[in-house]
Every structure is written in C-alpha cells, then in structure tokens.
>>> print(open('my_file03.cif').read())   # mmCIF, N, CA and C atoms
data_work
#
loop_
_atom_site.label_atom_id
_atom_site.label_comp_id
_atom_site.auth_asym_id
_atom_site.auth_seq_id
_atom_site.Cartn_x
_atom_site.Cartn_y
_atom_site.Cartn_z
N PHE A 1 80.12 110.55 94.68
CA PHE A 1 80.66 109.20 94.60
C PHE A 1 82.18 109.20 94.75
N CYS A 2 82.87 110.08 94.01
CA CYS A 2 84.33 110.15 94.12
C CYS A 2 84.77 110.65 95.49
N THR A 3 83.99 111.52 96.10
CA THR A 3 84.31 111.99 97.44
C THR A 3 84.24 110.83 98.43
N LEU A 4 83.25 109.99 98.27
CA LEU A 4 83.10 108.83 99.15
C LEU A 4 84.29 107.89 98.99
N LEU A 5 84.75 107.71 97.77
CA LEU A 5 85.87 106.81 97.53
C LEU A 5 87.20 107.40 97.96
N GLY A 6 87.27 108.70 98.07
CA GLY A 6 88.50 109.35 98.50
C GLY A 6 89.42 109.59 97.32
N SER A 7 89.74 110.83 97.05
CA SER A 7 90.49 111.17 95.84
C SER A 7 91.88 110.56 95.83
N ARG A 8 92.52 110.39 96.95
CA ARG A 8 93.89 109.87 96.92
C ARG A 8 93.91 108.38 96.59
N HIS A 9 92.81 107.69 96.79
CA HIS A 9 92.78 106.26 96.50
C HIS A 9 92.21 105.94 95.13
N PHE A 10 91.25 106.73 94.69
CA PHE A 10 90.50 106.31 93.51
C PHE A 10 90.70 107.23 92.31
N PHE A 11 90.47 108.51 92.47
CA PHE A 11 90.47 109.40 91.32
C PHE A 11 91.33 110.60 91.62
N ASP A 12 92.42 110.73 90.90
CA ASP A 12 93.29 111.87 91.03
C ASP A 12 93.43 112.48 89.64
N PRO A 13 92.70 113.57 89.35
CA PRO A 13 92.68 114.12 88.00
C PRO A 13 94.07 114.46 87.47
N GLN A 14 94.96 114.92 88.33
CA GLN A 14 96.29 115.28 87.86
C GLN A 14 97.08 114.04 87.44
N LYS A 15 96.89 112.92 88.11
CA LYS A 15 97.58 111.70 87.72
C LYS A 15 96.90 111.04 86.53
N ASN A 16 95.58 111.04 86.50
CA ASN A 16 94.85 110.35 85.44
C ASN A 16 94.91 111.09 84.10
N PHE A 17 95.07 112.40 84.11
CA PHE A 17 95.03 113.15 82.87
C PHE A 17 96.31 113.96 82.68
N SER A 18 97.44 113.44 83.12
CA SER A 18 98.68 114.19 82.97
C SER A 18 99.13 114.19 81.52
N THR A 19 99.76 115.27 81.10
CA THR A 19 100.25 115.35 79.72
C THR A 19 101.44 114.43 79.53
N LYS A 20 102.19 114.18 80.57
CA LYS A 20 103.34 113.28 80.48
C LYS A 20 102.90 111.88 80.03
N THR A 21 101.83 111.38 80.62
CA THR A 21 101.33 110.05 80.28
C THR A 21 100.82 110.01 78.84
N SER A 22 100.11 111.05 78.43
CA SER A 22 99.52 111.02 77.10
C SER A 22 100.56 111.14 75.99
N LEU A 23 101.74 111.70 76.29
CA LEU A 23 102.78 111.84 75.29
C LEU A 23 103.72 110.64 75.24
N THR A 24 103.66 109.77 76.23
CA THR A 24 104.55 108.62 76.29
C THR A 24 104.06 107.54 75.34
N LYS A 25 104.98 106.99 74.56
CA LYS A 25 104.64 105.92 73.62
C LYS A 25 104.55 104.61 74.39
N MET A 26 103.39 103.98 74.34
CA MET A 26 103.18 102.70 74.98
C MET A 26 103.63 101.60 74.02
N THR A 27 104.62 100.81 74.42
CA THR A 27 105.17 99.82 73.51
C THR A 27 105.19 98.40 74.07
N ALA A 28 105.03 98.24 75.37
CA ALA A 28 105.11 96.91 75.97
C ALA A 28 103.81 96.14 75.74
N GLU A 29 103.87 94.84 75.95
CA GLU A 29 102.70 93.98 75.84
C GLU A 29 102.47 93.28 77.18
N TRP A 30 101.24 92.80 77.36
CA TRP A 30 100.93 92.00 78.54
C TRP A 30 101.77 90.72 78.49
N LYS A 31 102.30 90.31 79.62
CA LYS A 31 103.07 89.07 79.70
C LYS A 31 102.17 87.86 79.92
N THR A 32 100.95 88.11 80.35
CA THR A 32 99.97 87.04 80.54
C THR A 32 98.68 87.42 79.82
N GLY A 33 97.92 86.45 79.40
CA GLY A 33 96.70 86.71 78.65
C GLY A 33 95.50 87.03 79.53
N LEU A 34 94.54 87.72 78.94
CA LEU A 34 93.32 88.09 79.67
C LEU A 34 92.55 86.85 80.13
N PHE A 35 92.51 85.84 79.30
CA PHE A 35 91.74 84.64 79.65
C PHE A 35 92.64 83.51 80.18
N GLY A 36 93.79 83.88 80.72
CA GLY A 36 94.69 82.90 81.32
C GLY A 36 94.43 82.74 82.80
N CYS A 37 93.17 82.89 83.21
CA CYS A 37 92.82 82.85 84.63
C CYS A 37 93.32 81.58 85.32
N MET A 38 93.24 80.47 84.61
CA MET A 38 93.61 79.21 85.24
C MET A 38 95.12 78.96 85.20
N ASP A 39 95.90 79.91 84.67
CA ASP A 39 97.36 79.81 84.75
C ASP A 39 97.81 79.87 86.21
N HIS A 40 97.02 80.53 87.02
CA HIS A 40 97.28 80.62 88.46
C HIS A 40 95.93 80.49 89.16
N THR A 41 95.54 79.26 89.39
CA THR A 41 94.20 78.99 89.92
C THR A 41 93.96 79.65 91.28
N ALA A 42 95.01 79.80 92.08
CA ALA A 42 94.83 80.41 93.40
C ALA A 42 94.34 81.85 93.29
N SER A 43 94.95 82.62 92.40
CA SER A 43 94.50 84.01 92.25
C SER A 43 93.12 84.07 91.60
N CYS A 44 92.82 83.11 90.75
CA CYS A 44 91.49 83.04 90.13
C CYS A 44 90.42 82.81 91.20
N PHE A 45 90.66 81.85 92.10
CA PHE A 45 89.71 81.59 93.19
C PHE A 45 89.62 82.80 94.11
N ASP A 46 90.76 83.45 94.35
CA ASP A 46 90.79 84.62 95.21
C ASP A 46 89.92 85.74 94.64
N VAL A 47 90.03 85.98 93.34
CA VAL A 47 89.23 87.02 92.69
C VAL A 47 87.75 86.66 92.75
N CYS A 48 87.43 85.41 92.49
CA CYS A 48 86.02 84.99 92.46
C CYS A 48 85.39 84.96 93.85
N LEU A 49 86.14 84.55 94.85
CA LEU A 49 85.58 84.39 96.18
C LEU A 49 85.76 85.62 97.08
N CYS A 50 86.80 86.38 96.82
CA CYS A 50 87.11 87.49 97.72
C CYS A 50 87.80 88.63 96.96
N SER A 51 87.11 89.16 95.97
CA SER A 51 87.73 90.17 95.11
C SER A 51 88.11 91.44 95.86
N CYS A 52 87.44 91.73 96.95
CA CYS A 52 87.76 92.96 97.68
C CYS A 52 89.20 92.95 98.19
N PHE A 53 89.67 91.81 98.68
CA PHE A 53 91.05 91.73 99.15
C PHE A 53 92.02 91.80 97.99
N GLN A 54 91.66 91.18 96.88
CA GLN A 54 92.50 91.22 95.69
C GLN A 54 92.64 92.67 95.19
N ILE A 55 91.56 93.42 95.21
CA ILE A 55 91.59 94.83 94.81
C ILE A 55 92.51 95.62 95.74
N GLY A 56 92.37 95.41 97.03
CA GLY A 56 93.23 96.10 98.00
C GLY A 56 94.69 95.80 97.82
N ARG A 57 95.02 94.53 97.60
CA ARG A 57 96.42 94.14 97.40
C ARG A 57 96.99 94.70 96.11
N GLN A 58 96.19 94.66 95.04
CA GLN A 58 96.69 95.17 93.76
C GLN A 58 96.88 96.68 93.79
N CYS A 59 96.02 97.39 94.49
CA CYS A 59 96.19 98.85 94.63
C CYS A 59 97.53 99.16 95.28
N GLU A 60 97.87 98.43 96.30
CA GLU A 60 99.16 98.63 96.97
C GLU A 60 100.33 98.22 96.09
N ALA A 61 100.21 97.11 95.36
CA ALA A 61 101.29 96.64 94.50
C ALA A 61 101.59 97.64 93.39
N VAL A 62 100.55 98.25 92.83
CA VAL A 62 100.75 99.25 91.78
C VAL A 62 101.52 100.44 92.33
N LYS A 63 101.29 100.77 93.59
CA LYS A 63 102.01 101.88 94.23
C LYS A 63 103.42 101.49 94.66
N GLY A 64 103.78 100.21 94.51
CA GLY A 64 105.11 99.76 94.87
C GLY A 64 105.22 99.13 96.24
N ASN A 65 104.12 98.96 96.94
CA ASN A 65 104.12 98.33 98.26
C ASN A 65 103.85 96.84 98.09
N VAL A 66 104.91 96.07 98.22
CA VAL A 66 104.83 94.63 97.96
C VAL A 66 104.13 93.91 99.10
N ASP A 67 103.27 92.97 98.75
CA ASP A 67 102.57 92.10 99.69
C ASP A 67 101.88 92.89 100.81
N ALA A 68 101.15 93.93 100.41
CA ALA A 68 100.42 94.77 101.36
C ALA A 68 98.96 94.85 100.90
N ASN A 69 98.12 95.39 101.77
CA ASN A 69 96.69 95.50 101.45
C ASN A 69 96.22 96.92 101.72
N ASP A 70 95.59 97.54 100.74
CA ASP A 70 95.00 98.86 100.91
C ASP A 70 93.63 98.65 101.54
N THR A 71 93.56 98.79 102.84
CA THR A 71 92.35 98.50 103.59
C THR A 71 91.19 99.39 103.16
N ALA A 72 91.46 100.63 102.85
CA ALA A 72 90.39 101.54 102.43
C ALA A 72 89.75 101.06 101.13
N MET A 73 90.58 100.68 100.14
CA MET A 73 90.03 100.19 98.87
C MET A 73 89.28 98.88 99.08
N CYS A 74 89.79 98.05 99.95
CA CYS A 74 89.13 96.78 100.26
C CYS A 74 87.74 97.05 100.85
N CYS A 75 87.66 97.98 101.80
CA CYS A 75 86.38 98.30 102.43
C CYS A 75 85.40 98.92 101.44
N VAL A 76 85.90 99.79 100.56
CA VAL A 76 85.04 100.40 99.54
C VAL A 76 84.46 99.30 98.65
N ALA A 77 85.30 98.34 98.27
CA ALA A 77 84.83 97.24 97.41
C ALA A 77 83.73 96.45 98.10
N VAL A 78 83.89 96.20 99.39
CA VAL A 78 82.88 95.45 100.13
C VAL A 78 81.60 96.25 100.26
N LEU A 79 81.70 97.50 100.70
CA LEU A 79 80.53 98.32 100.95
C LEU A 79 79.75 98.67 99.69
N LEU A 80 80.44 98.85 98.60
CA LEU A 80 79.78 99.28 97.37
C LEU A 80 79.72 98.19 96.31
N SER A 81 79.86 96.96 96.72
CA SER A 81 79.90 95.86 95.74
C SER A 81 78.62 95.76 94.93
N GLU A 82 77.50 96.14 95.49
CA GLU A 82 76.24 96.09 94.76
C GLU A 82 76.08 97.26 93.79
N CYS A 83 76.91 98.28 93.94
CA CYS A 83 76.79 99.48 93.09
C CYS A 83 77.78 99.48 91.93
N GLY A 84 78.52 98.42 91.76
CA GLY A 84 79.48 98.34 90.66
C GLY A 84 80.86 98.86 90.98
N ALA A 85 81.15 99.15 92.24
CA ALA A 85 82.47 99.68 92.59
C ALA A 85 83.61 98.73 92.21
N PRO A 86 83.48 97.41 92.39
CA PRO A 86 84.59 96.53 92.00
C PRO A 86 84.92 96.62 90.51
N ILE A 87 83.93 96.83 89.67
CA ILE A 87 84.19 96.97 88.23
C ILE A 87 84.96 98.27 87.98
N ILE A 88 84.55 99.33 88.63
CA ILE A 88 85.24 100.62 88.49
C ILE A 88 86.66 100.50 89.02
N GLN A 89 86.82 99.83 90.17
CA GLN A 89 88.15 99.66 90.74
C GLN A 89 89.02 98.77 89.85
N ALA A 90 88.44 97.74 89.24
CA ALA A 90 89.19 96.89 88.32
C ALA A 90 89.70 97.71 87.13
N CYS A 91 88.88 98.61 86.65
CA CYS A 91 89.26 99.49 85.54
C CYS A 91 90.40 100.42 85.98
N GLN A 92 90.28 100.96 87.16
CA GLN A 92 91.31 101.86 87.69
C GLN A 92 92.63 101.12 87.87
N ILE A 93 92.59 99.92 88.44
CA ILE A 93 93.81 99.13 88.63
C ILE A 93 94.43 98.80 87.28
N ARG A 94 93.61 98.33 86.35
CA ARG A 94 94.11 97.96 85.02
C ARG A 94 94.77 99.16 84.34
N SER A 95 94.15 100.34 84.43
CA SER A 95 94.74 101.52 83.79
C SER A 95 96.06 101.90 84.44
N LYS A 96 96.17 101.73 85.75
CA LYS A 96 97.43 102.03 86.43
C LYS A 96 98.52 101.03 86.04
N VAL A 97 98.17 99.75 85.88
CA VAL A 97 99.14 98.74 85.44
C VAL A 97 99.60 99.05 84.02
N VAL A 98 98.65 99.40 83.15
CA VAL A 98 98.98 99.78 81.77
C VAL A 98 99.94 100.96 81.76
N GLU A 99 99.66 101.96 82.57
CA GLU A 99 100.52 103.15 82.64
C GLU A 99 101.89 102.80 83.22
N LYS A 100 101.90 102.07 84.31
CA LYS A 100 103.16 101.75 85.00
C LYS A 100 104.12 100.97 84.11
N TYR A 101 103.60 100.02 83.35
CA TYR A 101 104.46 99.15 82.54
C TYR A 101 104.44 99.52 81.06
N GLN A 102 103.86 100.68 80.72
CA GLN A 102 103.84 101.18 79.34
C GLN A 102 103.25 100.16 78.37
N ILE A 103 102.16 99.51 78.78
CA ILE A 103 101.52 98.48 77.96
C ILE A 103 100.66 99.16 76.90
N ASP A 104 100.80 98.69 75.68
CA ASP A 104 100.07 99.26 74.55
C ASP A 104 98.63 98.75 74.56
N GLU A 105 97.79 99.47 75.29
CA GLU A 105 96.37 99.14 75.35
C GLU A 105 95.62 100.45 75.50
N GLY A 106 94.74 100.75 74.62
CA GLY A 106 94.00 102.01 74.66
C GLY A 106 93.06 102.10 75.84
N THR A 107 92.64 103.30 76.15
CA THR A 107 91.74 103.55 77.26
C THR A 107 90.42 102.82 77.08
N ILE A 108 89.91 102.81 75.87
CA ILE A 108 88.63 102.12 75.61
C ILE A 108 88.79 100.62 75.84
N GLY A 109 89.90 100.04 75.37
CA GLY A 109 90.15 98.62 75.59
C GLY A 109 90.27 98.28 77.05
N THR A 110 90.95 99.15 77.79
CA THR A 110 91.10 98.95 79.24
C THR A 110 89.74 98.95 79.92
N CYS A 111 88.92 99.92 79.60
CA CYS A 111 87.60 100.01 80.22
C CYS A 111 86.70 98.85 79.82
N LEU A 112 86.69 98.49 78.55
CA LEU A 112 85.85 97.39 78.10
C LEU A 112 86.24 96.07 78.76
N LYS A 113 87.53 95.79 78.82
CA LYS A 113 87.98 94.54 79.42
C LYS A 113 87.64 94.49 80.90
N SER A 114 87.75 95.63 81.58
CA SER A 114 87.43 95.68 83.00
C SER A 114 85.94 95.58 83.26
N CYS A 115 85.15 96.20 82.41
CA CYS A 115 83.69 96.19 82.60
C CYS A 115 83.05 94.89 82.17
N LEU A 116 83.48 94.34 81.05
CA LEU A 116 82.85 93.14 80.52
C LEU A 116 83.34 91.87 81.21
N CYS A 117 84.56 91.92 81.73
CA CYS A 117 85.09 90.74 82.41
C CYS A 117 86.02 91.17 83.53
N ALA A 118 85.44 91.75 84.57
CA ALA A 118 86.23 92.28 85.69
C ALA A 118 87.06 91.20 86.36
N ALA A 119 86.50 90.01 86.50
CA ALA A 119 87.23 88.92 87.16
C ALA A 119 88.48 88.54 86.35
N CYS A 120 88.32 88.38 85.05
CA CYS A 120 89.47 88.05 84.19
C CYS A 120 90.50 89.17 84.22
N SER A 121 90.03 90.40 84.22
CA SER A 121 90.93 91.55 84.26
C SER A 121 91.72 91.58 85.57
N LEU A 122 91.05 91.35 86.69
CA LEU A 122 91.75 91.33 87.99
C LEU A 122 92.73 90.17 88.07
N CYS A 123 92.38 89.03 87.52
CA CYS A 123 93.31 87.89 87.49
C CYS A 123 94.54 88.24 86.67
N GLN A 124 94.32 88.87 85.51
CA GLN A 124 95.44 89.22 84.64
C GLN A 124 96.35 90.26 85.30
N THR A 125 95.76 91.28 85.92
CA THR A 125 96.60 92.29 86.56
C THR A 125 97.36 91.70 87.75
N HIS A 126 96.75 90.76 88.48
CA HIS A 126 97.46 90.09 89.58
C HIS A 126 98.69 89.36 89.03
N ARG A 127 98.49 88.58 87.97
CA ARG A 127 99.61 87.83 87.38
C ARG A 127 100.67 88.78 86.82
N GLU A 128 100.23 89.83 86.18
CA GLU A 128 101.16 90.79 85.56
C GLU A 128 102.02 91.47 86.62
N LEU A 129 101.39 91.91 87.69
CA LEU A 129 102.14 92.53 88.78
C LEU A 129 103.16 91.56 89.38
N ALA A 130 102.75 90.31 89.58
CA ALA A 130 103.66 89.32 90.15
C ALA A 130 104.82 89.02 89.22
N VAL A 131 104.54 88.84 87.94
CA VAL A 131 105.59 88.53 86.96
C VAL A 131 106.59 89.67 86.85
N ARG A 132 106.12 90.89 86.99
CA ARG A 132 107.01 92.06 86.86
C ARG A 132 107.65 92.47 88.18
N GLY A 133 107.47 91.66 89.21
CA GLY A 133 108.17 91.89 90.48
C GLY A 133 107.44 92.75 91.49
N ALA A 134 106.24 93.20 91.20
CA ALA A 134 105.45 94.01 92.14
C ALA A 134 104.44 93.09 92.81
N ASN A 135 104.92 92.17 93.60
CA ASN A 135 104.11 91.12 94.19
C ASN A 135 102.90 91.66 94.94
N PRO A 136 101.69 91.37 94.42
CA PRO A 136 100.49 91.83 95.13
C PRO A 136 100.16 90.96 96.33
N GLY A 137 100.97 90.01 96.63
CA GLY A 137 100.74 89.14 97.77
C GLY A 137 100.18 87.80 97.35
N GLY A 138 100.12 86.94 98.28
CA GLY A 138 99.59 85.62 98.01
C GLY A 138 98.08 85.64 97.88
N CYS A 139 97.51 84.47 97.89
CA CYS A 139 96.07 84.33 97.74
C CYS A 139 95.52 83.54 98.92
N ILE A 140 94.24 83.28 98.88
CA ILE A 140 93.60 82.50 99.94
C ILE A 140 94.28 81.15 100.09
N CYS A 141 94.54 80.51 98.96
CA CYS A 141 95.07 79.15 98.96
C CYS A 141 96.59 79.06 98.99
N VAL A 142 97.27 80.03 98.41
CA VAL A 142 98.72 79.97 98.23
C VAL A 142 99.35 81.29 98.63
N LYS A 143 100.39 81.26 99.43
CA LYS A 143 101.05 82.49 99.87
C LYS A 143 102.03 83.02 98.82
N GLU A 144 102.64 82.13 98.04
CA GLU A 144 103.64 82.53 97.06
C GLU A 144 102.98 83.22 95.87
N PRO A 145 103.66 84.22 95.30
CA PRO A 145 103.10 84.90 94.13
C PRO A 145 103.21 84.03 92.88
N PHE A 146 102.49 84.42 91.87
CA PHE A 146 102.53 83.74 90.57
C PHE A 146 103.89 83.91 89.94
N SER A 147 104.39 82.87 89.30
CA SER A 147 105.62 82.98 88.50
C SER A 147 105.40 82.23 87.21
N MET A 148 106.14 82.60 86.18
CA MET A 148 105.96 82.01 84.86
C MET A 148 106.89 80.83 84.64
N ASN A 149 107.40 80.24 85.66
CA ASN A 149 108.33 79.09 85.52
C ASN A 149 107.65 77.87 84.99
#
>>> encode(input="my_file03.cif", output="structure tokens")
Amino acid sequence: FCTLLGSRHFFDPQKNFSTKTSLTKMTAEWKTGLFGCMDHTASCFDVCLCSCFQIGRQCEAVKGNVDANDTAMCCVAVLLSECGAPIIQACQIRSKVVEKYQIDEGTIGTCLKSCLCAACSLCQTHRELAVRGANPGGCICVKEPFSMN
C-alpha cells in the first residue's frame, strides 16, 4: 500500500519518526476550530465536493509551495477513495500541519480527528494553512484564500 502511494509523497519514516520532532515542545494552538467549517464556506464545499483537489493543494502548501496542486496525491485520493485513502491522507496532512506549526495536539488526537471527521479536519487544515500564510490555493467557488478579517 505504501509503495503504491509513493514514499516521498505519503510515508517517509525518517521524517515521521525523527527524534528532533519528538523532542520539540509543541506549544502553539490551532487558530481556527475543528468545527468552524462554515467560517469559510468555499473551502467547506470544496472538501465535500472535491476533496481530492483539496488534499493535493494542502500537500503542496505544507511543503511551502503556495497555490499549487500535488497531482500525484490528488490522483491517489481519486483512485483509492473507496479504500479510505482520503482519511489516511487527511491524517497525514493534519500531522504535518501540527508539526510545521508546533501545534500542541497529540498523535492520537490527530488521528482520531482525521478518522472520525476527515472533512472537518481538511477544512480546518485548509483554514490554518491560509491564516498562517501557506496559501493552499483557492476553492471551486472562490479564488482568494481564507482570512480571519
């Protein structure tokens, strides 16, 4: 399964289990709430109607590529949508956002939120990336990123 997803896109044991990450004190908090989906209705509709593109854009935003789409991740989400890949990808994106912004959220919390409510989790990570300046791109309905104004 991991071979099919490609190790550079999905699972990199050295990045996921580095000692540097485990020793770093996570002190930041989420700037947007998990159930604040309707704070930015465009990204909410985007996640519900076309989550594969949202996953691709967020993968690129986490890597620092603003307003880009990771086509490989998008295709994986489409091809394996019946096998739970979007939930796994939502968990992976959420864990990378938590790591990148030093958000105080345990691994179990990250996995549970992504598995039990993948859509809410993807909406939250989209808003979080946009608020912190890593614009994951616009949505189906709106080109401009989310802002907290």
>>> atom_distance(input="my_file03.cif", atom1="CA of Ile88 (chain A)", atom2="CA of Thr107 (chain A)")
13.3 Å
>>> atom_distance(input="my_file03.cif", atom1="atom N of Arg127 (chain A)", atom2="atom C of Glu105 (chain A)")
17.5 Å
>>> axis_aligned_box(input="my_file03.cif", around="region 108-122 of chain A", padding_each_side="5 Å", output="JSON")
{"center_x": 87.8, "center_y": 95.4, "center_z": 81.7, "size_x": 19.9, "size_y": 24.8, "size_z": 22.7}
>>> atom_distance(input="my_file03.cif", atom1="atom C of Lys31 (chain A)", atom2="atom N of Leu49 (chain A)")
22.2 Å
>>> closest_residue(input="my_file03.cif", among="A:Val78, A:Ile103, A:Val131, A:Val97", to="Ser51 (chain A)", atoms="only N, CA and C atoms")
A:Val78
>>> closest_residue(input="my_file03.cif", among="A:Leu112, A:Val62, A:Val76, A:Cys117", to="Ile93 (chain A)", atoms="all atoms listed in the file")
A:Val62
>>> resolve_selection(input="my_file03.cif", expression="the PyMOL selection byres (((chain A and resi 134 and name CA) around 12) and name CA)", output="PyMOL selection string")
chain A and resi 57-68+97+100-101+125-133+135-138+145-147
>>> closest_residue(input="my_file03.cif", among="A:Cys91, A:Ala42, A:Cys52, A:Leu34", to="Ile108 (chain A)", atoms="only C-alpha atoms")
A:Cys91
>>> closest_residue(input="my_file03.cif", among="A:Cys50, A:Ala28, A:Cys37, A:Ile55", to="Gln124 (chain A)", atoms="all atoms listed in the file")
A:Cys37
>>> resolve_selection(input="my_file03.cif", expression="the PyMOL selection byres (((chain A and resi 115 and name CA) around 10) and name CA)", output="JSON, numbers by chain")
{"A": [84, 86, 87, 88, 89, 90, 91, 109, 110, 111, 112, 113, 114, 116, 117, 118, 119, 121]}
>>> select_by_dssp(input="my_file03.cif", residues="region 94-129 of chain A", states="helix (DSSP H, G or I)", output="VMD selection string")
chain A and resid 94 to 100 107 to 116 118 to 129
>>> closest_residue(input="my_file03.cif", among="A:Gln92, A:Cys123, A:Cys75, A:Gly56", to="Ser43 (chain A)", atoms="only N, CA and C atoms")
A:Cys123
